[in-house]
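Dropping start33.csv in here (CSV, N, CA and C atoms):
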chain,number,residue,atom,x,y,z
A,1141,GLN,N,13.9,14.2,4.0
A,1141,GLN,CA,13.0,13.5,3.2
A,1141,GLN,C,12.8,12.1,3.8
A,1142,VAL,N,11.5,11.8,4.2
A,1142,VAL,CA,11.2,10.5,4.7
A,1142,VAL,C,10.9,9.6,3.6
A,1143,GLN,N,11.6,8.4,3.6
A,1143,GLN,CA,11.4,7.4,2.6
A,1143,GLN,C,10.9,6.1,3.3
A,1144,LEU,N,9.8,5.6,2.7
A,1144,LEU,CA,9.3,4.4,3.1
A,1144,LEU,C,10.0,3.2,2.4
A,1145,VAL,N,10.2,2.1,3.1
A,1145,VAL,CA,10.9,1.0,2.5
A,1145,VAL,C,9.9,-0.2,2.2
A,1146,GLU,N,9.8,-0.5,0.9
A,1146,GLU,CA,8.8,-1.5,0.5
A,1146,GLU,C,9.6,-2.8,0.1
A,1147,SER,N,8.8,-3.9,0.2
A,1147,SER,CA,9.3,-5.2,-0.2
A,1147,SER,C,8.2,-6.1,-0.7
A,1148,GLY,N,8.5,-7.1,-1.4
A,1148,GLY,CA,7.5,-7.9,-2.0
A,1148,GLY,C,7.3,-7.6,-3.5
A,1149,GLY,N,6.2,-8.0,-4.1
A,1149,GLY,CA,6.0,-7.8,-5.5
A,1149,GLY,C,6.6,-8.8,-6.3
A,1150,GLY,N,6.5,-8.7,-7.6
A,1150,GLY,CA,7.1,-9.7,-8.6
A,1150,GLY,C,6.1,-10.1,-9.6
A,1151,LEU,N,6.4,-11.3,-10.2
A,1151,LEU,CA,5.6,-11.8,-11.3
A,1151,LEU,C,4.8,-13.0,-10.8
A,1152,VAL,N,3.5,-13.1,-11.1
A,1152,VAL,CA,2.7,-14.2,-10.7
A,1152,VAL,C,1.6,-14.4,-11.7
A,1153,GLN,N,1.1,-15.7,-11.8
A,1153,GLN,CA,0.1,-16.0,-12.7
A,1153,GLN,C,-1.3,-15.6,-12.2
A,1154,ALA,N,-2.2,-15.4,-13.1
A,1154,ALA,CA,-3.6,-15.0,-12.7
A,1154,ALA,C,-4.1,-16.1,-11.7
A,1155,GLY,N,-4.8,-15.6,-10.6
A,1155,GLY,CA,-5.3,-16.5,-9.6
A,1155,GLY,C,-4.3,-16.7,-8.5
A,1156,GLY,N,-3.1,-16.2,-8.6
A,1156,GLY,CA,-2.1,-16.4,-7.6
A,1156,GLY,C,-2.2,-15.3,-6.5
A,1157,SER,N,-1.2,-15.4,-5.6
A,1157,SER,CA,-1.1,-14.4,-4.5
A,1157,SER,C,0.2,-13.8,-4.4
A,1158,LEU,N,0.2,-12.6,-3.8
A,1158,LEU,CA,1.5,-11.9,-3.5
A,1158,LEU,C,1.2,-11.1,-2.2
A,1159,ARG,N,2.3,-10.8,-1.5
A,1159,ARG,CA,2.2,-10.0,-0.3
A,1159,ARG,C,3.2,-8.9,-0.3
A,1160,LEU,N,2.8,-7.7,-0.1
A,1160,LEU,CA,3.6,-6.5,-0.1
A,1160,LEU,C,3.8,-6.0,1.3
A,1161,SER,N,5.0,-5.5,1.7
A,1161,SER,CA,5.2,-5.0,3.0
A,1161,SER,C,5.9,-3.6,2.9
A,1162,CYS,N,5.7,-2.8,3.9
A,1162,CYS,CA,6.2,-1.5,3.9
A,1162,CYS,C,6.5,-1.0,5.3
A,1163,ALA,N,7.6,-0.3,5.5
A,1163,ALA,CA,8.0,0.1,6.8
A,1163,ALA,C,8.4,1.6,6.7
A,1164,ALA,N,7.8,2.3,7.7
A,1164,ALA,CA,8.2,3.7,7.9
A,1164,ALA,C,9.1,3.8,9.1
A,1165,PRO,N,9.9,4.9,9.2
A,1165,PRO,CA,10.9,5.0,10.3
A,1165,PRO,C,10.1,4.9,11.7
A,1166,VAL,N,10.6,4.1,12.6
A,1166,VAL,CA,9.8,3.9,13.8
A,1166,VAL,C,9.8,5.1,14.7
A,1167,MET,N,10.8,6.0,14.5
A,1167,MET,CA,10.9,7.2,15.3
A,1167,MET,C,9.8,8.2,15.0
A,1168,ILE,N,9.1,8.1,13.9
A,1168,ILE,CA,8.0,8.9,13.5
A,1168,ILE,C,6.7,8.4,14.2
A,1169,THR,N,6.3,9.1,15.2
A,1169,THR,CA,5.2,8.6,16.0
A,1169,THR,C,3.8,9.2,15.7
A,1170,SER,N,3.8,10.0,14.6
A,1170,SER,CA,2.6,10.8,14.3
A,1170,SER,C,2.0,10.3,13.0
A,1171,ILE,N,2.2,9.1,12.6
A,1171,ILE,CA,1.6,8.5,11.4
A,1171,ILE,C,0.2,7.9,11.8
A,1172,ASN,N,-0.8,8.4,11.2
A,1172,ASN,CA,-2.1,8.0,11.6
A,1172,ASN,C,-2.8,7.1,10.6
A,1173,ARG,N,-2.2,7.0,9.4
A,1173,ARG,CA,-2.8,6.2,8.3
A,1173,ARG,C,-1.7,5.7,7.4
A,1174,MET,N,-1.8,4.5,7.0
A,1174,MET,CA,-0.9,3.9,6.0
A,1174,MET,C,-1.7,3.2,5.0
A,1175,GLY,N,-1.2,3.0,3.8
A,1175,GLY,CA,-1.9,2.3,2.8
A,1175,GLY,C,-1.1,2.1,1.5
A,1176,TRP,N,-1.8,1.7,0.5
A,1176,TRP,CA,-1.2,1.4,-0.8
A,1176,TRP,C,-1.9,2.1,-2.0
A,1177,TYR,N,-1.2,2.6,-2.9
A,1177,TYR,CA,-1.7,3.1,-4.2
A,1177,TYR,C,-1.0,2.3,-5.3
A,1178,ARG,N,-1.6,2.4,-6.5
A,1178,ARG,CA,-1.0,1.7,-7.6
A,1178,ARG,C,-1.2,2.6,-8.9
A,1179,GLN,N,-0.3,2.4,-9.8
A,1179,GLN,CA,-0.3,3.1,-11.1
A,1179,GLN,C,0.0,2.1,-12.2
A,1180,GLY,N,-1.1,1.8,-13.0
A,1180,GLY,CA,-0.9,0.9,-14.1
A,1180,GLY,C,-0.4,1.6,-15.3
A,1181,PRO,N,0.0,0.9,-16.3
A,1181,PRO,CA,0.5,1.5,-17.6
A,1181,PRO,C,-0.6,2.4,-18.2
A,1182,GLY,N,-0.2,3.7,-18.4
A,1182,GLY,CA,-1.1,4.6,-19.0
A,1182,GLY,C,-2.2,5.1,-18.1
A,1183,LYS,N,-2.1,4.8,-16.8
A,1183,LYS,CA,-3.2,5.2,-15.9
A,1183,LYS,C,-2.7,6.1,-14.9
A,1184,GLN,N,-3.7,6.7,-14.2
A,1184,GLN,CA,-3.4,7.6,-13.1
A,1184,GLN,C,-3.2,6.7,-11.8
A,1185,ARG,N,-2.4,7.3,-10.9
A,1185,ARG,CA,-2.3,6.6,-9.6
A,1185,ARG,C,-3.6,6.5,-8.9
A,1186,GLU,N,-4.0,5.4,-8.3
A,1186,GLU,CA,-5.2,5.2,-7.6
A,1186,GLU,C,-5.0,4.5,-6.3
A,1187,LEU,N,-6.0,4.8,-5.4
A,1187,LEU,CA,-5.9,4.2,-4.0
A,1187,LEU,C,-6.3,2.7,-4.2
A,1188,VAL,N,-5.6,1.9,-3.5
A,1188,VAL,CA,-5.9,0.4,-3.5
A,1188,VAL,C,-6.5,0.1,-2.1
A,1189,ALA,N,-5.8,0.4,-1.0
A,1189,ALA,CA,-6.3,0.1,0.3
A,1189,ALA,C,-5.6,1.0,1.3
A,1190,GLN,N,-6.3,1.3,2.4
A,1190,GLN,CA,-5.6,2.1,3.5
A,1190,GLN,C,-6.2,1.6,4.8
A,1191,ILE,N,-5.4,1.9,5.9
A,1191,ILE,CA,-5.8,1.5,7.2
A,1191,ILE,C,-5.4,2.6,8.2
A,1192,THR,N,-6.3,2.9,9.1
A,1192,THR,CA,-6.0,3.9,10.1
A,1192,THR,C,-5.4,3.3,11.4
A,1193,ASN,N,-4.9,4.1,12.3
A,1193,ASN,CA,-4.4,3.6,13.6
A,1193,ASN,C,-5.4,2.8,14.3
A,1194,GLY,N,-6.6,3.2,14.2
A,1194,GLY,CA,-7.7,2.4,14.9
A,1194,GLY,C,-8.1,1.2,14.2
A,1195,GLY,N,-7.6,0.9,13.0
A,1195,GLY,CA,-7.9,-0.3,12.3
A,1195,GLY,C,-9.0,-0.2,11.3
A,1196,THR,N,-9.5,1.0,11.0
A,1196,THR,CA,-10.5,1.3,10.0
A,1196,THR,C,-9.9,1.1,8.6
A,1197,THR,N,-10.5,0.3,7.8
A,1197,THR,CA,-9.9,0.1,6.5
A,1197,THR,C,-10.8,0.7,5.4
A,1198,ASN,N,-10.2,0.9,4.2
A,1198,ASN,CA,-10.9,1.4,3.1
A,1198,ASN,C,-10.3,0.7,1.8
A,1199,TYR,N,-11.1,0.2,1.0
A,1199,TYR,CA,-10.6,-0.5,-0.2
A,1199,TYR,C,-11.2,0.0,-1.5
A,1200,ALA,N,-10.5,0.0,-2.6
A,1200,ALA,CA,-11.0,0.2,-3.9
A,1200,ALA,C,-12.0,-0.9,-4.2
A,1201,ASP,N,-13.1,-0.5,-4.9
A,1201,ASP,CA,-14.1,-1.5,-5.2
A,1201,ASP,C,-13.5,-2.7,-6.0
A,1202,SER,N,-12.5,-2.4,-6.8
A,1202,SER,CA,-12.0,-3.5,-7.7
A,1202,SER,C,-11.2,-4.5,-6.9
A,1203,VAL,N,-10.8,-4.3,-5.7
A,1203,VAL,CA,-10.0,-5.2,-4.9
A,1203,VAL,C,-10.7,-5.8,-3.7
A,1204,LYS,N,-11.9,-5.3,-3.4
A,1204,LYS,CA,-12.7,-5.8,-2.3
A,1204,LYS,C,-12.9,-7.3,-2.3
A,1205,GLY,N,-12.7,-8.0,-1.2
A,1205,GLY,CA,-12.8,-9.4,-1.2
A,1205,GLY,C,-11.6,-10.2,-1.7
A,1206,ARG,N,-10.6,-9.5,-2.2
A,1206,ARG,CA,-9.4,-10.2,-2.7
A,1206,ARG,C,-8.2,-9.7,-2.0
A,1207,PHE,N,-8.1,-8.4,-1.6
A,1207,PHE,CA,-7.0,-7.9,-1.0
A,1207,PHE,C,-7.3,-7.6,0.5
A,1208,THR,N,-6.3,-7.7,1.3
A,1208,THR,CA,-6.4,-7.4,2.8
A,1208,THR,C,-5.2,-6.6,3.2
A,1209,VAL,N,-5.5,-5.4,3.8
A,1209,VAL,CA,-4.5,-4.5,4.4
A,1209,VAL,C,-4.4,-4.7,5.9
A,1210,THR,N,-3.2,-4.8,6.4
A,1210,THR,CA,-3.0,-5.0,7.8
A,1210,THR,C,-1.9,-4.1,8.3
A,1211,ARG,N,-1.8,-3.8,9.6
A,1211,ARG,CA,-0.8,-2.8,10.0
A,1211,ARG,C,-0.3,-3.2,11.4
A,1212,ASP,N,0.9,-2.9,11.7
A,1212,ASP,CA,1.5,-3.1,13.0
A,1212,ASP,C,1.9,-1.6,13.4
A,1213,ASN,N,1.1,-1.0,14.3
A,1213,ASN,CA,1.3,0.4,14.7
A,1213,ASN,C,2.6,0.6,15.4
A,1214,ALA,N,3.0,-0.4,16.2
A,1214,ALA,CA,4.2,-0.3,17.0
A,1214,ALA,C,5.5,-0.2,16.1
A,1215,LYS,N,5.4,-1.0,15.0
A,1215,LYS,CA,6.5,-1.1,14.1
A,1215,LYS,C,6.4,-0.1,12.9
A,1216,ASN,N,5.3,0.6,12.8
A,1216,ASN,CA,5.1,1.4,11.7
A,1216,ASN,C,5.2,0.7,10.3
A,1217,THR,N,4.6,-0.5,10.3
A,1217,THR,CA,4.6,-1.3,9.1
A,1217,THR,C,3.1,-1.5,8.6
A,1218,VAL,N,3.0,-1.7,7.3
A,1218,VAL,CA,1.8,-2.0,6.7
A,1218,VAL,C,2.0,-3.1,5.6
A,1219,HIS,N,1.0,-4.0,5.5
A,1219,HIS,CA,1.1,-5.1,4.6
A,1219,HIS,C,-0.1,-5.2,3.7
A,1220,LEU,N,0.1,-5.7,2.5
A,1220,LEU,CA,-1.0,-5.9,1.6
A,1220,LEU,C,-1.0,-7.3,1.1
A,1221,GLN,N,-2.0,-8.1,1.5
A,1221,GLN,CA,-2.1,-9.5,1.1
A,1221,GLN,C,-3.0,-9.5,-0.2
A,1222,MET,N,-2.5,-9.9,-1.3
A,1222,MET,CA,-3.2,-9.9,-2.5
A,1222,MET,C,-3.5,-11.3,-3.0
A,1223,ASN,N,-4.8,-11.7,-3.0
A,1223,ASN,CA,-5.2,-13.0,-3.5
A,1223,ASN,C,-6.0,-12.9,-4.8
A,1224,SER,N,-6.2,-14.0,-5.4
A,1224,SER,CA,-7.0,-14.1,-6.7
A,1224,SER,C,-6.6,-12.9,-7.6
A,1225,LEU,N,-5.3,-12.8,-7.8
A,1225,LEU,CA,-4.8,-11.7,-8.7
A,1225,LEU,C,-5.3,-11.8,-10.1
A,1226,LYS,N,-5.5,-10.7,-10.7
A,1226,LYS,CA,-5.9,-10.6,-12.1
A,1226,LYS,C,-4.9,-9.8,-12.9
A,1227,PRO,N,-4.9,-10.0,-14.2
A,1227,PRO,CA,-4.0,-9.2,-15.1
A,1227,PRO,C,-4.2,-7.7,-14.9
A,1228,GLU,N,-5.4,-7.3,-14.6
A,1228,GLU,CA,-5.6,-5.9,-14.5
A,1228,GLU,C,-5.1,-5.3,-13.2
A,1229,ASP,N,-4.6,-6.2,-12.3
A,1229,ASP,CA,-3.9,-5.7,-11.1
A,1229,ASP,C,-2.5,-5.3,-11.4
A,1230,THR,N,-2.0,-5.6,-12.6
A,1230,THR,CA,-0.6,-5.3,-12.9
A,1230,THR,C,-0.4,-3.8,-12.8
A,1231,ALA,N,0.6,-3.4,-12.0
A,1231,ALA,CA,0.9,-2.0,-11.8
A,1231,ALA,C,2.1,-1.8,-10.9
A,1232,VAL,N,2.6,-0.6,-10.8
A,1232,VAL,CA,3.6,-0.3,-9.8
A,1232,VAL,C,2.8,0.1,-8.5
A,1233,TYR,N,3.1,-0.6,-7.4
A,1233,TYR,CA,2.4,-0.3,-6.1
A,1233,TYR,C,3.3,0.5,-5.2
A,1234,TYR,N,2.7,1.6,-4.7
A,1234,TYR,CA,3.4,2.5,-3.8
A,1234,TYR,C,2.8,2.5,-2.4
A,1235,CYS,N,3.7,2.4,-1.5
A,1235,CYS,CA,3.3,2.6,-0.1
A,1235,CYS,C,3.1,4.0,0.3
A,1236,ASN,N,2.1,4.3,1.1
A,1236,ASN,CA,1.9,5.7,1.6
A,1236,ASN,C,1.7,5.8,3.1
A,1237,ALA,N,2.1,6.8,3.7
A,1237,ALA,CA,1.9,7.1,5.1
A,1237,ALA,C,1.6,8.5,5.3
A,1238,ARG,N,0.5,8.8,6.1
A,1238,ARG,CA,0.1,10.1,6.4
A,1238,ARG,C,0.6,10.5,7.8
A,1239,ASP,N,1.3,11.6,7.9
A,1239,ASP,CA,1.8,12.2,9.1
A,1239,ASP,C,1.0,13.4,9.5
A,1240,TRP,N,0.1,13.2,10.6
A,1240,TRP,CA,-0.8,14.3,10.9
A,1240,TRP,C,-0.1,15.5,11.5
A,1241,ARG,N,1.0,15.3,12.2
A,1241,ARG,CA,1.7,16.4,12.8
A,1241,ARG,C,2.4,17.3,11.8
A,1242,GLU,N,2.9,16.7,10.8
A,1242,GLU,CA,3.6,17.5,9.7
A,1242,GLU,C,2.7,17.8,8.5
A,1243,SER,N,1.5,17.3,8.6
A,1243,SER,CA,0.5,17.4,7.4
A,1243,SER,C,1.2,17.0,6.2
A,1244,ALA,N,1.9,15.9,6.2
A,1244,ALA,CA,2.7,15.4,5.1
A,1244,ALA,C,2.3,14.0,4.7
A,1245,ASP,N,2.5,13.7,3.4
A,1245,ASP,CA,2.4,12.3,2.9
A,1245,ASP,C,3.8,11.8,2.6
A,1246,TYR,N,4.1,10.6,3.0
A,1246,TYR,CA,5.4,10.0,2.7
A,1246,TYR,C,5.1,8.8,1.7
A,1247,TRP,N,6.1,8.5,0.8
A,1247,TRP,CA,5.9,7.5,-0.2
A,1247,TRP,C,7.1,6.6,-0.3
A,1248,GLY,N,6.8,5.3,-0.7
A,1248,GLY,CA,7.8,4.4,-1.0
A,1248,GLY,C,8.3,4.6,-2.4
A,1249,GLN,N,9.3,3.8,-2.8
A,1249,GLN,CA,9.9,4.0,-4.2
A,1249,GLN,C,9.1,3.3,-5.2
A,1250,GLY,N,8.1,2.4,-4.8
A,1250,GLY,CA,7.3,1.7,-5.8
A,1250,GLY,C,7.9,0.3,-6.0
A,1251,THR,N,7.0,-0.7,-6.1
A,1251,THR,CA,7.4,-2.1,-6.4
A,1251,THR,C,6.4,-2.6,-7.5
A,1252,GLN,N,7.0,-3.3,-8.4
A,1252,GLN,CA,6.3,-3.8,-9.6
A,1252,GLN,C,5.5,-5.1,-9.3
A,1253,VAL,N,4.3,-5.1,-9.6
A,1253,VAL,CA,3.5,-6.3,-9.6
A,1253,VAL,C,3.0,-6.6,-11.0
A,1254,THR,N,3.3,-7.8,-11.5
A,1254,THR,CA,2.9,-8.2,-12.8
A,1254,THR,C,2.1,-9.5,-12.7
A,1255,VAL,N,0.9,-9.5,-13.3
A,1255,VAL,CA,0.1,-10.7,-13.2
A,1255,VAL,C,-0.1,-11.1,-14.7
A,1256,SER,N,0.3,-12.3,-15.0
A,1256,SER,CA,0.2,-12.9,-16.3
A,1256,SER,C,-1.1,-13.7,-16.5
A,1257,SER,N,-1.6,-13.7,-17.7
A,1257,SER,CA,-2.9,-14.4,-17.9
A,1257,SER,C,-2.6,-15.8,-18.3

Could you render the structure from this file as structure tokens?
Amino acid sequence: QVQLVESGGGLVQAGGSLRLSCAAPVMITSINRMGWYRQGPGKQRELVAQITNGGTTNYADSVKGRFTVTRDNAKNTVHLQMNSLKPEDTAVYYCNARDWRESADYWGQGTQVTVSS
């Protein structure tokens, strides 16, 4: 079972910033996409942002212009810079990696982000 390791998250006031980081095992060379999902209280898990090996990004409409996803392909890491945070961004954030060779998705354990008003 491949486990992604997340860091970052915490409590911040509205308008503040946080940075999330995630690392996949470097020996896995077949990851072609990494990103972040979130699950708020009483809500379904939703895509926040993702980035391919080639640098193509995709964002949820609700975070466009505020969040930026970046990746280091050589290190198998992905980062999510979150600015202008809102209380509705409060959720558990999960890192995701897509392995094309195994046709598998790997997940992190989740990290809590709480934005106070």

Would you list the contacts of Gly1148 in chain A as a PDB file with N, CA and C atoms, keeping the file's coordinate frame, taking every protein, DNA or RNA residue within 12 Å and counting only C-alpha atoms, but skipping same-chain residues closer than 5 positions in sequence?
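Ended up saving to selection26.pdb:
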ATOM      1  N   SER A1157      -1.200 -15.400  -5.600  1.00  0.00           N
ATOM      2  CA  SER A1157      -1.100 -14.400  -4.500  1.00  0.00           C
ATOM      3  C   SER A1157       0.200 -13.800  -4.400  1.00  0.00           C
ATOM      4  N   LEU A1158       0.200 -12.600  -3.800  1.00  0.00           N
ATOM      5  CA  LEU A1158       1.500 -11.900  -3.500  1.00  0.00           C
ATOM      6  C   LEU A1158       1.200 -11.100  -2.200  1.00  0.00           C
ATOM      7  N   ARG A1159       2.300 -10.800  -1.500  1.00  0.00           N
ATOM      8  CA  ARG A1159       2.200 -10.000  -0.300  1.00  0.00           C
ATOM      9  C   ARG A1159       3.200  -8.900  -0.300  1.00  0.00           C
ATOM     10  N   LEU A1160       2.800  -7.700  -0.100  1.00  0.00           N
ATOM     11  CA  LEU A1160       3.600  -6.500  -0.100  1.00  0.00           C
ATOM     12  C   LEU A1160       3.800  -6.000   1.300  1.00  0.00           C
ATOM     13  N   SER A1161       5.000  -5.500   1.700  1.00  0.00           N
ATOM     14  CA  SER A1161       5.200  -5.000   3.000  1.00  0.00           C
ATOM     15  C   SER A1161       5.900  -3.600   2.900  1.00  0.00           C
ATOM     16  N   CYS A1162       5.700  -2.800   3.900  1.00  0.00           N
ATOM     17  CA  CYS A1162       6.200  -1.500   3.900  1.00  0.00           C
ATOM     18  C   CYS A1162       6.500  -1.000   5.300  1.00  0.00           C
ATOM     19  N   ALA A1163       7.600  -0.300   5.500  1.00  0.00           N
ATOM     20  CA  ALA A1163       8.000   0.100   6.800  1.00  0.00           C
ATOM     21  C   ALA A1163       8.400   1.600   6.700  1.00  0.00           C
ATOM     22  N   VAL A1218       3.000  -1.700   7.300  1.00  0.00           N
ATOM     23  CA  VAL A1218       1.800  -2.000   6.700  1.00  0.00           C
ATOM     24  C   VAL A1218       2.000  -3.100   5.600  1.00  0.00           C
ATOM     25  N   HIS A1219       1.000  -4.000   5.500  1.00  0.00           N
ATOM     26  CA  HIS A1219       1.100  -5.100   4.600  1.00  0.00           C
ATOM     27  C   HIS A1219      -0.100  -5.200   3.700  1.00  0.00           C
ATOM     28  N   LEU A1220       0.100  -5.700   2.500  1.00  0.00           N
ATOM     29  CA  LEU A1220      -1.000  -5.900   1.600  1.00  0.00           C
ATOM     30  C   LEU A1220      -1.000  -7.300   1.100  1.00  0.00           C
ATOM     31  N   GLN A1221      -2.000  -8.100   1.500  1.00  0.00           N
ATOM     32  CA  GLN A1221      -2.100  -9.500   1.100  1.00  0.00           C
ATOM     33  C   GLN A1221      -3.000  -9.500  -0.200  1.00  0.00           C
ATOM     34  N   MET A1222      -2.500  -9.900  -1.300  1.00  0.00           N
ATOM     35  CA  MET A1222      -3.200  -9.900  -2.500  1.00  0.00           C
ATOM     36  C   MET A1222      -3.500 -11.300  -3.000  1.00  0.00           C
ATOM     37  N   VAL A1232       2.600  -0.600 -10.800  1.00  0.00           N
ATOM     38  CA  VAL A1232       3.600  -0.300  -9.800  1.00  0.00           C
ATOM     39  C   VAL A1232       2.800   0.100  -8.500  1.00  0.00           C
ATOM     40  N   TYR A1233       3.100  -0.600  -7.400  1.00  0.00           N
ATOM     41  CA  TYR A1233       2.400  -0.300  -6.100  1.00  0.00           C
ATOM     42  C   TYR A1233       3.300   0.500  -5.200  1.00  0.00           C
ATOM     43  N   TYR A1234       2.700   1.600  -4.700  1.00  0.00           N
ATOM     44  CA  TYR A1234       3.400   2.500  -3.800  1.00  0.00           C
ATOM     45  C   TYR A1234       2.800   2.500  -2.400  1.00  0.00           C
ATOM     46  N   CYS A1235       3.700   2.400  -1.500  1.00  0.00           N
ATOM     47  CA  CYS A1235       3.300   2.600  -0.100  1.00  0.00           C
ATOM     48  C   CYS A1235       3.100   4.000   0.300  1.00  0.00           C
ATOM     49  N   GLY A1250       8.100   2.400  -4.800  1.00  0.00           N
ATOM     50  CA  GLY A1250       7.300   1.700  -5.800  1.00  0.00           C
ATOM     51  C   GLY A1250       7.900   0.300  -6.000  1.00  0.00           C
ATOM     52  N   THR A1251       7.000  -0.700  -6.100  1.00  0.00           N
ATOM     53  CA  THR A1251       7.400  -2.100  -6.400  1.00  0.00           C
ATOM     54  C   THR A1251       6.400  -2.600  -7.500  1.00  0.00           C
ATOM     55  N   GLN A1252       7.000  -3.300  -8.400  1.00  0.00           N
ATOM     56  CA  GLN A1252       6.300  -3.800  -9.600  1.00  0.00           C
ATOM     57  C   GLN A1252       5.500  -5.100  -9.300  1.00  0.00           C
ATOM     58  N   VAL A1253       4.300  -5.100  -9.600  1.00  0.00           N
ATOM     59  CA  VAL A1253       3.500  -6.300  -9.600  1.00  0.00           C
ATOM     60  C   VAL A1253       3.000  -6.600 -11.000  1.00  0.00           C
ATOM     61  N   THR A1254       3.300  -7.800 -11.500  1.00  0.00           N
ATOM     62  CA  THR A1254       2.900  -8.200 -12.800  1.00  0.00           C
ATOM     63  C   THR A1254       2.100  -9.500 -12.700  1.00  0.00           C
TER      64      THR A1254
END

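Interatomic distance, atom N of Thr1208 in chain A against atom N of Asn1223 in chain A: 6.1 Å.
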
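Proximity to Ala1237 in chain A was assessed for A:Ala1154, A:Val1166, A:Met1174, A:Val1209 counting only N, CA and C atoms; the smallest distance is recorded for A:Met1174.
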
Exercise for the section: Using DSSP on the backbone coordinates, identify all residues within chain A classified as helix (DSSP H, G or I); present the result as an NGL selection string. Expected result: :A and (1201-1203 or 1227-1229)

Handout entry: Neighbours of point (-0.6, -0.1, 13.0) within 8 Å, using all atoms listed in the file, written as a PyMOL selection string
Key = chain A and resi 1172+1174+1191-1195+1210-1218

Exercise for the section: Just the residues within 6.5 Å of Lys1226 in chain A, please, counting all atoms listed in the file, with nothing from its chain fewer than 5 positions along; format it as a list in words. Expected result: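 Within the cut-off, the hits are Ala1154, Gly1155, Gly1156, Val1255 and Ser1256 of chain A.
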
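For range 1181-1190 of chain A, the residues within 5 Å (counting all atoms listed in the file, excluding itself and residues fewer than 6 positions away along the chain) are Met1174, Gly1175, Thr1197, Asn1198, Tyr1199 and Ala1200 of chain A.
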
Exercise for the section: Between CA of Gln1143 in chain A and CA of Pro1165 in chain A, measure the distance and give it in Å to one decimal. Expected result: 8.1 Å

Practice task
Rank A:Ala1244, A:Ala1164, A:Ile1171, A:Leu1225 by their smallest atom-to-atom distance to Val1152 in chain A, using all atoms listed in the file, and report the top residue only.
Solution key: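 Of all the options, A:Leu1225 lies closest to Val1152 in chain A.
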
Exercise for the section: Report the distance between atom N of Glu1242 in chain A and CA of Leu1144 in chain A in Å, rounded to one decimal place. Expected result: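 That distance, rounded to one decimal, is 15.9 Å.
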
Handout entry: Backbone DSSP call of strand (DSSP E) for chain A, listed as a PyMOL selection string
Key = chain A and resi 1143-1147+1150-1153+1158-1163+1171-1179+1186-1192+1197-1199+1207-1212+1217-1222+1231-1239+1244-1248+1251-1256

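Candidate residues A:Asp1239, A:Ala1231, A:Phe1207, A:Gln1141 were compared for distance to Arg1173 in chain A, and the nearest is A:Asp1239, using all atoms listed in the file.
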
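Using only C-alpha atoms for every distance, the candidate list A:Gly1149, A:Glu1228, A:Trp1240, A:Gln1249 yields A:Trp1240 as the residue closest to Thr1169 in chain A.
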
Exercise for the section: Measuring atom to atom with all atoms listed in the file, identify which of A:Ser1147, A:Ser1224, A:Gln1153, A:Ser1202 is nearest to Ser1257 in chain A. Expected result: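 Using all atoms listed in the file, Ser1257 in chain A sits closest to A:Gln1153.
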